[in-house]
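Source file: run_10.pdb; contents: PDB, C-alpha atoms and all ligand atoms.
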ATOM      1  CA  MET A   1       6.030 -11.696 -12.713  1.00  0.00           C
ATOM      2  CA  GLU A   2       3.493  -9.664 -14.695  1.00  0.00           C
ATOM      3  CA  ASP A   3       1.573 -12.854 -15.594  1.00  0.00           C
ATOM      4  CA  LEU A   4       1.464 -13.924 -11.957  1.00  0.00           C
ATOM      5  CA  LYS A   5       0.199 -10.480 -10.952  1.00  0.00           C
ATOM      6  CA  GLN A   6      -2.564 -10.931 -13.514  1.00  0.00           C
ATOM      7  CA  VAL A   7      -3.435 -14.370 -12.122  1.00  0.00           C
ATOM      8  CA  ALA A   8      -3.620 -12.955  -8.576  1.00  0.00           C
ATOM      9  CA  ALA A   9      -5.777 -10.051  -9.773  1.00  0.00           C
ATOM     10  CA  LYS A  10      -8.184 -12.461 -11.498  1.00  0.00           C
ATOM     11  CA  ALA A  11      -8.556 -14.468  -8.289  1.00  0.00           C
ATOM     12  CA  ALA A  12      -9.437 -11.251  -6.447  1.00  0.00           C
ATOM     13  CA  MET A  13     -12.575 -10.970  -8.599  1.00  0.00           C
ATOM     14  CA  ASP A  14     -14.184 -13.840  -6.634  1.00  0.00           C
ATOM     15  CA  PHE A  15     -14.321 -11.669  -3.513  1.00  0.00           C
ATOM     16  CA  ILE A  16     -16.296  -8.799  -5.067  1.00  0.00           C
ATOM     17  CA  LYS A  17     -20.095  -8.784  -4.858  1.00  0.00           C
ATOM     18  CA  PRO A  18     -22.691  -6.435  -6.389  1.00  0.00           C
ATOM     19  CA  GLY A  19     -23.391  -3.499  -4.075  1.00  0.00           C
ATOM     20  CA  ASN A  20     -19.875  -3.512  -2.589  1.00  0.00           C
ATOM     21  CA  ILE A  21     -17.809  -0.414  -1.953  1.00  0.00           C
ATOM     22  CA  ILE A  22     -14.373  -1.457  -3.122  1.00  0.00           C
ATOM     23  CA  GLY A  23     -11.116   0.313  -2.287  1.00  0.00           C
ATOM     24  CA  LEU A  24      -8.253  -0.056  -4.730  1.00  0.00           C
ATOM     25  CA  GLY A  25      -4.598   0.764  -4.200  1.00  0.00           C
ATOM     26  CA  ALA A  26      -1.823   1.468  -6.654  1.00  0.00           C
ATOM     27  CA  GLY A  27       0.408  -0.471  -9.011  1.00  0.00           C
ATOM     28  CA  SER A  28       0.254  -2.891 -11.893  1.00  0.00           C
ATOM     29  CA  THR A  29      -1.502  -5.702  -9.981  1.00  0.00           C
ATOM     30  CA  ILE A  30      -4.373  -3.376  -9.141  1.00  0.00           C
ATOM     31  CA  ALA A  31      -4.435  -2.133 -12.749  1.00  0.00           C
ATOM     32  CA  HIS A  32      -4.966  -5.763 -13.826  1.00  0.00           C
ATOM     33  CA  LEU A  33      -7.841  -6.036 -11.340  1.00  0.00           C
ATOM     34  CA  VAL A  34      -9.490  -2.906 -12.771  1.00  0.00           C
ATOM     35  CA  ASN A  35      -9.190  -4.431 -16.246  1.00  0.00           C
ATOM     36  CA  PHE A  36     -10.855  -7.677 -15.136  1.00  0.00           C
ATOM     37  CA  LEU A  37     -13.615  -5.706 -13.426  1.00  0.00           C
ATOM     38  CA  LYS A  38     -14.221  -3.658 -16.546  1.00  0.00           C
ATOM     39  CA  GLU A  39     -14.831  -6.897 -18.487  1.00  0.00           C
ATOM     40  CA  ASP A  40     -17.543  -7.985 -16.034  1.00  0.00           C
ATOM     41  CA  VAL A  41     -19.929  -5.246 -17.100  1.00  0.00           C
ATOM     42  CA  THR A  42     -22.787  -6.193 -14.758  1.00  0.00           C
ATOM     43  CA  LEU A  43     -20.590  -6.347 -11.663  1.00  0.00           C
ATOM     44  CA  ALA A  44     -18.729  -3.170 -12.669  1.00  0.00           C
ATOM     45  CA  ARG A  45     -22.029  -1.307 -12.895  1.00  0.00           C
ATOM     46  CA  HIS A  46     -23.074  -2.382  -9.404  1.00  0.00           C
ATOM     47  CA  ILE A  47     -20.025  -1.457  -7.346  1.00  0.00           C
ATOM     48  CA  THR A  48     -18.640   1.805  -6.020  1.00  0.00           C
ATOM     49  CA  THR A  49     -14.886   2.322  -6.151  1.00  0.00           C
ATOM     50  CA  VAL A  50     -12.539   4.456  -4.046  1.00  0.00           C
ATOM     51  CA  THR A  51      -8.816   4.698  -4.609  1.00  0.00           C
ATOM     52  CA  SER A  52      -5.682   6.018  -2.944  1.00  0.00           C
ATOM     53  CA  SER A  53      -3.877   6.337  -6.271  1.00  0.00           C
ATOM     54  CA  PHE A  54      -3.910   9.001  -8.980  1.00  0.00           C
ATOM     55  CA  ASN A  55      -3.143   6.449 -11.723  1.00  0.00           C
ATOM     56  CA  THR A  56      -5.775   3.961 -10.565  1.00  0.00           C
ATOM     57  CA  ARG A  57      -8.300   6.798 -10.404  1.00  0.00           C
ATOM     58  CA  GLN A  58      -7.507   7.780 -13.999  1.00  0.00           C
ATOM     59  CA  LEU A  59      -8.050   4.169 -15.074  1.00  0.00           C
ATOM     60  CA  LEU A  60     -11.349   3.927 -13.187  1.00  0.00           C
ATOM     61  CA  LEU A  61     -12.663   7.174 -14.663  1.00  0.00           C
ATOM     62  CA  GLU A  62     -11.544   6.192 -18.158  1.00  0.00           C
ATOM     63  CA  HIS A  63     -13.630   3.022 -17.928  1.00  0.00           C
ATOM     64  CA  GLY A  64     -16.683   4.738 -16.461  1.00  0.00           C
ATOM     65  CA  PHE A  65     -16.609   3.226 -12.964  1.00  0.00           C
ATOM     66  CA  HIS A  66     -18.640   4.883 -10.233  1.00  0.00           C
ATOM     67  CA  THR A  67     -15.875   6.409  -8.131  1.00  0.00           C
ATOM     68  CA  LYS A  68     -15.954   8.323  -4.862  1.00  0.00           C
ATOM     69  CA  ASP A  69     -13.316  10.500  -3.267  1.00  0.00           C
ATOM     70  CA  ILE A  70     -11.715   9.149  -0.082  1.00  0.00           C
ATOM     71  CA  SER A  71     -13.179  12.062   1.872  1.00  0.00           C
ATOM     72  CA  GLU A  72     -16.701  10.873   0.996  1.00  0.00           C
ATOM     73  CA  VAL A  73     -16.408   7.459   2.649  1.00  0.00           C
ATOM     74  CA  SER A  74     -15.685   6.070   6.087  1.00  0.00           C
ATOM     75  CA  ARG A  75     -16.170   2.360   5.446  1.00  0.00           C
ATOM     76  CA  LEU A  76     -15.318  -0.044   2.632  1.00  0.00           C
ATOM     77  CA  ASP A  77     -16.358  -3.644   2.089  1.00  0.00           C
ATOM     78  CA  ILE A  78     -12.911  -4.600   0.769  1.00  0.00           C
ATOM     79  CA  TYR A  79      -9.627  -2.804   0.142  1.00  0.00           C
ATOM     80  CA  PHE A  80      -7.328  -4.525  -2.354  1.00  0.00           C
ATOM     81  CA  ASP A  81      -3.724  -3.449  -2.665  1.00  0.00           C
ATOM     82  CA  GLY A  82      -0.335  -4.716  -3.707  1.00  0.00           C
ATOM     83  CA  CYS A  83       2.849  -4.191  -1.725  1.00  0.00           C
ATOM     84  CA  ASP A  84       6.610  -4.495  -1.998  1.00  0.00           C
ATOM     85  CA  GLN A  85       6.903  -7.409   0.408  1.00  0.00           C
ATOM     86  CA  PHE A  86       4.717  -9.245   2.938  1.00  0.00           C
ATOM     87  CA  ASP A  87       5.447 -11.862   5.563  1.00  0.00           C
ATOM     88  CA  HIS A  88       3.666 -14.982   6.786  1.00  0.00           C
ATOM     89  CA  GLN A  89       1.722 -12.938   9.361  1.00  0.00           C
ATOM     90  CA  LEU A  90       0.611 -10.676   6.457  1.00  0.00           C
ATOM     91  CA  ASN A  91       2.567  -7.672   7.680  1.00  0.00           C
ATOM     92  CA  ALA A  92       3.421  -5.637   4.595  1.00  0.00           C
ATOM     93  CA  LEU A  93       5.853  -2.986   3.458  1.00  0.00           C
ATOM     94  CA  LYS A  94       4.358  -0.505   1.033  1.00  0.00           C
ATOM     95  CA  SER A  95       7.359   1.708   0.589  1.00  0.00           C
ATOM     96  CA  GLY A  96       7.782   2.183  -3.134  1.00  0.00           C
ATOM     97  CA  GLY A  97       4.852   4.394  -4.025  1.00  0.00           C
ATOM     98  CA  GLY A  98       5.188   6.958  -1.234  1.00  0.00           C
ATOM     99  CA  ILE A  99       1.402   7.149  -0.989  1.00  0.00           C
ATOM    100  CA  HIS A 100       1.106   4.947   2.076  1.00  0.00           C
ATOM    101  CA  THR A 101      -0.797   7.524   4.183  1.00  0.00           C
ATOM    102  CA  ARG A 102      -3.867   7.343   1.952  1.00  0.00           C
ATOM    103  CA  GLU A 103      -3.380   3.618   1.393  1.00  0.00           C
ATOM    104  CA  LYS A 104      -3.338   2.991   5.132  1.00  0.00           C
ATOM    105  CA  LEU A 105      -6.442   5.108   5.612  1.00  0.00           C
ATOM    106  CA  LEU A 106      -8.358   2.970   3.115  1.00  0.00           C
ATOM    107  CA  ALA A 107      -6.940  -0.254   4.573  1.00  0.00           C
ATOM    108  CA  ALA A 108      -8.167   0.826   8.030  1.00  0.00           C
ATOM    109  CA  MET A 109     -11.653   1.631   6.696  1.00  0.00           C
ATOM    110  CA  ALA A 110     -12.123  -1.769   5.111  1.00  0.00           C
ATOM    111  CA  ASP A 111     -14.010  -4.694   6.599  1.00  0.00           C
ATOM    112  CA  LYS A 112     -11.475  -6.808   4.698  1.00  0.00           C
ATOM    113  CA  PHE A 113      -8.020  -5.637   3.609  1.00  0.00           C
ATOM    114  CA  ILE A 114      -6.704  -8.072   1.040  1.00  0.00           C
ATOM    115  CA  LEU A 115      -3.126  -8.054  -0.253  1.00  0.00           C
ATOM    116  CA  VAL A 116      -2.809  -9.161  -3.848  1.00  0.00           C
ATOM    117  CA  GLY A 117       0.541 -10.164  -5.288  1.00  0.00           C
ATOM    118  CA  ASP A 118       2.904 -12.596  -6.886  1.00  0.00           C
ATOM    119  CA  GLY A 119       4.692 -15.206  -4.785  1.00  0.00           C
ATOM    120  CA  GLY A 120       8.018 -13.379  -5.085  1.00  0.00           C
ATOM    121  CA  LYS A 121       6.784 -10.842  -2.540  1.00  0.00           C
ATOM    122  CA  TYR A 122       5.806 -13.420   0.097  1.00  0.00           C
ATOM    123  CA  VAL A 123       8.652 -13.921   2.568  1.00  0.00           C
ATOM    124  CA  ASN A 124       9.186 -15.622   5.928  1.00  0.00           C
ATOM    125  CA  GLN A 125      10.129 -12.353   7.522  1.00  0.00           C
ATOM    126  CA  LEU A 126      10.312  -8.803   6.163  1.00  0.00           C
ATOM    127  CA  TYR A 127      13.853  -7.924   5.248  1.00  0.00           C
ATOM    128  CA  THR A 128      15.687  -4.693   4.802  1.00  0.00           C
ATOM    129  CA  THR A 129      15.963  -4.607   1.018  1.00  0.00           C
ATOM    130  CA  PHE A 130      13.142  -2.076   1.383  1.00  0.00           C
ATOM    131  CA  PRO A 131      13.188   0.931   3.685  1.00  0.00           C
ATOM    132  CA  VAL A 132      10.409   1.883   6.075  1.00  0.00           C
ATOM    133  CA  VAL A 133       9.159   5.135   4.591  1.00  0.00           C
ATOM    134  CA  ILE A 134       7.697   7.922   6.675  1.00  0.00           C
ATOM    135  CA  GLU A 135       5.678  10.893   5.472  1.00  0.00           C
ATOM    136  CA  VAL A 136       6.868  13.982   7.332  1.00  0.00           C
ATOM    137  CA  ILE A 137       5.650  17.579   7.386  1.00  0.00           C
ATOM    138  CA  PRO A 138       8.321  19.747   5.692  1.00  0.00           C
ATOM    139  CA  GLU A 139       9.075  21.817   8.793  1.00  0.00           C
ATOM    140  CA  ALA A 140       9.978  18.703  10.793  1.00  0.00           C
ATOM    141  CA  VAL A 141      12.457  17.007   8.444  1.00  0.00           C
ATOM    142  CA  LEU A 142      15.711  17.966  10.192  1.00  0.00           C
ATOM    143  CA  PHE A 143      14.250  17.338  13.628  1.00  0.00           C
ATOM    144  CA  VAL A 144      12.839  13.942  12.606  1.00  0.00           C
ATOM    145  CA  GLN A 145      16.154  12.847  11.054  1.00  0.00           C
ATOM    146  CA  GLN A 146      18.006  13.821  14.224  1.00  0.00           C
ATOM    147  CA  GLN A 147      15.501  11.946  16.418  1.00  0.00           C
ATOM    148  CA  LEU A 148      15.658   8.849  14.220  1.00  0.00           C
ATOM    149  CA  LYS A 149      19.446   8.705  14.527  1.00  0.00           C
ATOM    150  CA  LYS A 150      19.137   9.083  18.291  1.00  0.00           C
ATOM    151  CA  ILE A 151      16.440   6.425  18.750  1.00  0.00           C
ATOM    152  CA  PHE A 152      17.588   3.905  16.119  1.00  0.00           C
ATOM    153  CA  SER A 153      21.368   4.180  16.125  1.00  0.00           C
ATOM    154  CA  LEU A 154      21.800   1.832  13.154  1.00  0.00           C
ATOM    155  CA  ALA A 155      19.218   3.520  10.947  1.00  0.00           C
ATOM    156  CA  ASN A 156      20.114   5.598   7.927  1.00  0.00           C
ATOM    157  CA  PRO A 157      17.305   8.102   7.217  1.00  0.00           C
ATOM    158  CA  VAL A 158      17.420   9.604   3.716  1.00  0.00           C
ATOM    159  CA  THR A 159      15.038  12.228   2.345  1.00  0.00           C
ATOM    160  CA  ARG A 160      13.575  10.894  -0.902  1.00  0.00           C
ATOM    161  CA  MET A 161      14.698  12.957  -3.877  1.00  0.00           C
ATOM    162  CA  SER A 162      12.974  13.200  -7.219  1.00  0.00           C
ATOM    163  CA  ASN A 163      14.865  11.890 -10.221  1.00  0.00           C
ATOM    164  CA  LYS A 164      12.732  14.030 -12.505  1.00  0.00           C
ATOM    165  CA  LYS A 165      13.417  17.417 -10.992  1.00  0.00           C
ATOM    166  CA  ASP A 166      15.966  19.079  -8.793  1.00  0.00           C
ATOM    167  CA  GLY A 167      14.387  18.624  -5.400  1.00  0.00           C
ATOM    168  CA  ALA A 168      12.700  16.345  -2.944  1.00  0.00           C
ATOM    169  CA  VAL A 169       9.611  14.254  -3.673  1.00  0.00           C
ATOM    170  CA  ILE A 170       6.510  16.089  -2.475  1.00  0.00           C
ATOM    171  CA  THR A 171       3.583  13.886  -1.507  1.00  0.00           C
ATOM    172  CA  GLU A 172      -0.025  14.505  -2.516  1.00  0.00           C
ATOM    173  CA  ASN A 173      -0.464  15.910   0.981  1.00  0.00           C
ATOM    174  CA  GLY A 174       2.329  18.459   0.463  1.00  0.00           C
ATOM    175  CA  ASN A 175       4.785  16.626   2.696  1.00  0.00           C
ATOM    176  CA  LEU A 176       8.212  14.993   2.310  1.00  0.00           C
ATOM    177  CA  LEU A 177       9.239  11.345   2.484  1.00  0.00           C
ATOM    178  CA  ILE A 178      12.113   9.918   4.479  1.00  0.00           C
ATOM    179  CA  ASP A 179      13.323   6.428   3.583  1.00  0.00           C
ATOM    180  CA  ILE A 180      14.639   4.804   6.754  1.00  0.00           C
ATOM    181  CA  TRP A 181      17.191   2.164   5.822  1.00  0.00           C
ATOM    182  CA  PHE A 182      17.614  -0.214   8.738  1.00  0.00           C
ATOM    183  CA  ARG A 183      20.538  -2.604   8.988  1.00  0.00           C
ATOM    184  CA  SER A 184      18.062  -4.987  10.628  1.00  0.00           C
ATOM    185  CA  PHE A 185      14.478  -4.182  11.528  1.00  0.00           C
ATOM    186  CA  PRO A 186      13.705  -3.289  15.150  1.00  0.00           C
ATOM    187  CA  PRO A 187      10.789  -5.346  16.568  1.00  0.00           C
ATOM    188  CA  LEU A 188       7.904  -4.749  14.172  1.00  0.00           C
ATOM    189  CA  ASP A 189       5.143  -4.975  16.784  1.00  0.00           C
ATOM    190  CA  ASN A 190       5.772  -1.468  18.135  1.00  0.00           C
ATOM    191  CA  LEU A 191       7.766   0.135  15.321  1.00  0.00           C
ATOM    192  CA  ASN A 192       4.838   2.193  14.047  1.00  0.00           C
ATOM    193  CA  GLU A 193       4.108   3.481  17.551  1.00  0.00           C
ATOM    194  CA  ARG A 194       7.750   4.385  18.190  1.00  0.00           C
ATOM    195  CA  LEU A 195       7.964   6.283  14.922  1.00  0.00           C
ATOM    196  CA  LYS A 196       4.656   8.060  15.286  1.00  0.00           C
ATOM    197  CA  GLN A 197       5.622   9.327  18.728  1.00  0.00           C
ATOM    198  CA  ILE A 198       8.078  11.656  16.969  1.00  0.00           C
ATOM    199  CA  PRO A 199       6.228  14.928  16.248  1.00  0.00           C
ATOM    200  CA  GLY A 200       6.060  15.681  12.528  1.00  0.00           C
ATOM    201  CA  ILE A 201       5.656  12.098  11.317  1.00  0.00           C
ATOM    202  CA  LEU A 202       2.287  11.519   9.697  1.00  0.00           C
ATOM    203  CA  GLU A 203       2.367   7.844   8.752  1.00  0.00           C
ATOM    204  CA  THR A 204       4.709   4.938   8.013  1.00  0.00           C
ATOM    205  CA  SER A 205       4.816   2.431   5.170  1.00  0.00           C
ATOM    206  CA  LEU A 206       4.771  -0.552   7.532  1.00  0.00           C
ATOM    207  CA  PHE A 207       1.301  -2.146   7.497  1.00  0.00           C
ATOM    208  CA  TYR A 208       1.608  -4.169  10.679  1.00  0.00           C
ATOM    209  CA  ASN A 209      -1.208  -6.591  11.529  1.00  0.00           C
ATOM    210  CA  MET A 210      -3.637  -4.882   9.158  1.00  0.00           C
ATOM    211  CA  ALA A 211      -4.299  -7.314   6.313  1.00  0.00           C
ATOM    212  CA  HIS A 212      -7.042  -9.907   6.755  1.00  0.00           C
ATOM    213  CA  ALA A 213      -6.064 -12.045   3.772  1.00  0.00           C
ATOM    214  CA  ALA A 214      -3.638 -12.357   0.902  1.00  0.00           C
ATOM    215  CA  ILE A 215      -4.082 -13.666  -2.632  1.00  0.00           C
ATOM    216  CA  ILE A 216      -0.759 -15.013  -3.814  1.00  0.00           C
ATOM    217  CA  ALA A 217      -0.102 -16.284  -7.316  1.00  0.00           C
ATOM    218  CA  GLY A 218       2.878 -18.591  -7.687  1.00  0.00           C
ATOM    219  CA  LYS A 219       4.118 -21.066 -10.271  1.00  0.00           C
ATOM    220  CA  THR A 220       1.960 -23.803  -8.749  1.00  0.00           C
ATOM    221  CA  GLY A 221      -1.256 -21.772  -8.616  1.00  0.00           C
ATOM    222  CA  VAL A 222      -3.147 -19.334  -6.430  1.00  0.00           C
ATOM    223  CA  GLU A 223      -3.013 -19.525  -2.657  1.00  0.00           C
ATOM    224  CA  ILE A 224      -5.399 -17.642  -0.380  1.00  0.00           C
ATOM    225  CA  ILE A 225      -4.022 -16.968   3.090  1.00  0.00           C
ATOM    226  CA  ARG A 226      -6.530 -15.835   5.724  1.00  0.00           C
ATOM    227  CA  LYS A 227      -5.742 -14.566   9.202  1.00  0.00           C
TER     228      LYS A 227
HETATM  229  C1  LIG B   1       2.216   1.478  -4.094  1.00  0.00           C
HETATM  230  C2  LIG B   1       2.244   0.073  -3.743  1.00  0.00           C
HETATM  231  C3  LIG B   1       2.050  -0.937  -4.818  1.00  0.00           C
HETATM  232  O1  LIG B   1       0.933  -1.674  -4.496  1.00  0.00           O
HETATM  233  C4  LIG B   1       3.263  -1.814  -4.886  1.00  0.00           C
HETATM  234  O2  LIG B   1       4.360  -1.039  -5.323  1.00  0.00           O
HETATM  235  C5  LIG B   1       3.059  -2.996  -5.831  1.00  0.00           C
HETATM  236  O3  LIG B   1       3.021  -2.623  -7.157  1.00  0.00           O
HETATM  237  P1  LIG B   1       2.900  -3.691  -8.323  1.00  0.00           P
HETATM  238  O4  LIG B   1       1.534  -4.273  -8.270  1.00  0.00           O
HETATM  239  O5  LIG B   1       3.134  -2.883  -9.586  1.00  0.00           O
HETATM  240  O6  LIG B   1       3.973  -4.727  -8.111  1.00  0.00           O
HETATM  241  O7  LIG B   1       2.379  -0.270  -2.599  1.00  0.00           O
HETATM  242  O8  LIG B   1       2.323   2.253  -2.955  1.00  0.00           O
END
If you convert what's in this file into structure tokens, what do you get?
Amino acid sequence: MEDLKQVAAKAAMDFIKPGNIIGLGAGSTIAHLVNFLKEDVTLARHITTVTSSFNTRQLLLEHGFHTKDISEVSRLDIYFDGCDQFDHQLNALKSGGGIHTREKLLAAMADKFILVGDGGKYVNQLYTTFPVVIEVIPEAVLFVQQQLKKIFSLANPVTRMSNKKDGAVITENGNLLIDIWFRSFPPLDNLNERLKQIPGILETSLFYNMAHAAIIAGKTGVEIIRK
């Protein structure tokens, strides 16, 4: 899969023009894109980058890219990001990283939000091998779990624990994450709204109807899907 991620990242280069403000997400696919950009010295010198990810930021700084903090921008030309899974309508689950609040902010700022990934992530319909993750303020965790069980009777909400230390994962915003394991997904078209009506929930890892295009690398080549 790593090779396919690299192929998809290379194809993403065609979308980037000098003068662009480019948002970059997290993960190995995006790391490949940064490496391709670094090799195109002229283009690299003439773009501004913004990222939602600590690791991507380290990589950008290491290679001398002009990088801005998210708080300094309100619009991007393009936001590229990977995901765990995306469907034929380009709805995506970005549950693994637990940094979806910042990722969604950048995706919303972008004139074009482009998913980049290998074909293994492209599915007919999102399925429940991944949870929907919510970022929750610490004070609201018990309340939110109780509400989730009331509203979605078949959902199993689990606070994400750290495997490196004895405690819960704390987000970069000082909040907690709850992985909501659904037996089957409720209708996706209003799932974000239903979740965000519960006080204490900041953002969800479901990127519904946000992506404008996807670059998918499969065994037979690269496919660009536009909405
Ligand atoms: C992080 C993400 C990543 O983009 C996603 O996990 C994909 O990573 P990779 O490119 O390593 O497969 O959503 O929040």
Notebook entry, point to check: What is the distance, in Å and to one decimal place, between atom CA of Ser52 of chain A and atom CA of Arg226 of chain A?
Noted result: 23.5 Å
Next item on the list: Find, counting all atoms listed in the file, the residue in A:Leu126, A:Arg102, A:Gly97, A:Val116 that gets nearest to Val169 of chain A.
Entry: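 The shortest atom-to-atom distance to Val169 of chain A comes from A:Gly97.
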Expected answer as a PDB file with C-alpha atoms, keeping the file's coordinate frame: residues within 8 Å of ligand LIG 1 (chain B), all atoms listed in the file:
ATOM      1  CA  LYS A   5       0.199 -10.480 -10.952  1.00  0.00           C
ATOM      2  CA  GLY A  25      -4.598   0.764  -4.200  1.00  0.00           C
ATOM      3  CA  ALA A  26      -1.823   1.468  -6.654  1.00  0.00           C
ATOM      4  CA  GLY A  27       0.408  -0.471  -9.011  1.00  0.00           C
ATOM      5  CA  SER A  28       0.254  -2.891 -11.893  1.00  0.00           C
ATOM      6  CA  THR A  29      -1.502  -5.702  -9.981  1.00  0.00           C
ATOM      7  CA  ILE A  30      -4.373  -3.376  -9.141  1.00  0.00           C
ATOM      8  CA  ALA A  31      -4.435  -2.133 -12.749  1.00  0.00           C
ATOM      9  CA  ASP A  81      -3.724  -3.449  -2.665  1.00  0.00           C
ATOM     10  CA  GLY A  82      -0.335  -4.716  -3.707  1.00  0.00           C
ATOM     11  CA  CYS A  83       2.849  -4.191  -1.725  1.00  0.00           C
ATOM     12  CA  ASP A  84       6.610  -4.495  -1.998  1.00  0.00           C
ATOM     13  CA  LEU A  93       5.853  -2.986   3.458  1.00  0.00           C
ATOM     14  CA  LYS A  94       4.358  -0.505   1.033  1.00  0.00           C
ATOM     15  CA  SER A  95       7.359   1.708   0.589  1.00  0.00           C
ATOM     16  CA  GLY A  96       7.782   2.183  -3.134  1.00  0.00           C
ATOM     17  CA  GLY A  97       4.852   4.394  -4.025  1.00  0.00           C
ATOM     18  CA  GLY A  98       5.188   6.958  -1.234  1.00  0.00           C
ATOM     19  CA  ILE A  99       1.402   7.149  -0.989  1.00  0.00           C
ATOM     20  CA  HIS A 100       1.106   4.947   2.076  1.00  0.00           C
ATOM     21  CA  GLU A 103      -3.380   3.618   1.393  1.00  0.00           C
ATOM     22  CA  VAL A 116      -2.809  -9.161  -3.848  1.00  0.00           C
ATOM     23  CA  GLY A 117       0.541 -10.164  -5.288  1.00  0.00           C
TER      24      GLY A 117
END
Check: How many Å lie between atom CA of His32 of chain A and atom CA of Met161 of chain A, rounded to one decimal?
Finding: 28.9 Å
Using only the atoms of segment 151-160 of chain A listed in the file, plus 6 Å on each side, state the axis-aligned box centre and edge lengths in Å rounded to one decimal, as AutoDock Vina command-line options.
--center_x 17.7 --center_y 7.0 --center_z 8.9 --size_x 20.2 --size_y 22.4 --size_z 31.7
Check: If the PyMOL selection byres (((chain A and resi 210) around 8) and not hetatm) is run on the structure shown, which residues does it catch, given as a list in words?
Finding: Leu90, Asn91, Ala107, Ala108, Phe113, Phe207, Tyr208, Asn209, Ala211 and His212 of chain A
Write out the residues from the selection above, keeping C-alpha atoms, as a PDB file, keeping the file's coordinate frame.
ATOM      1  CA  LEU A  90       0.611 -10.676   6.457  1.00  0.00           C
ATOM      2  CA  ASN A  91       2.567  -7.672   7.680  1.00  0.00           C
ATOM      3  CA  ALA A 107      -6.940  -0.254   4.573  1.00  0.00           C
ATOM      4  CA  ALA A 108      -8.167   0.826   8.030  1.00  0.00           C
ATOM      5  CA  PHE A 113      -8.020  -5.637   3.609  1.00  0.00           C
ATOM      6  CA  PHE A 207       1.301  -2.146   7.497  1.00  0.00           C
ATOM      7  CA  TYR A 208       1.608  -4.169  10.679  1.00  0.00           C
ATOM      8  CA  ASN A 209      -1.208  -6.591  11.529  1.00  0.00           C
ATOM      9  CA  ALA A 211      -4.299  -7.314   6.313  1.00  0.00           C
ATOM     10  CA  HIS A 212      -7.042  -9.907   6.755  1.00  0.00           C
TER      11      HIS A 212
END
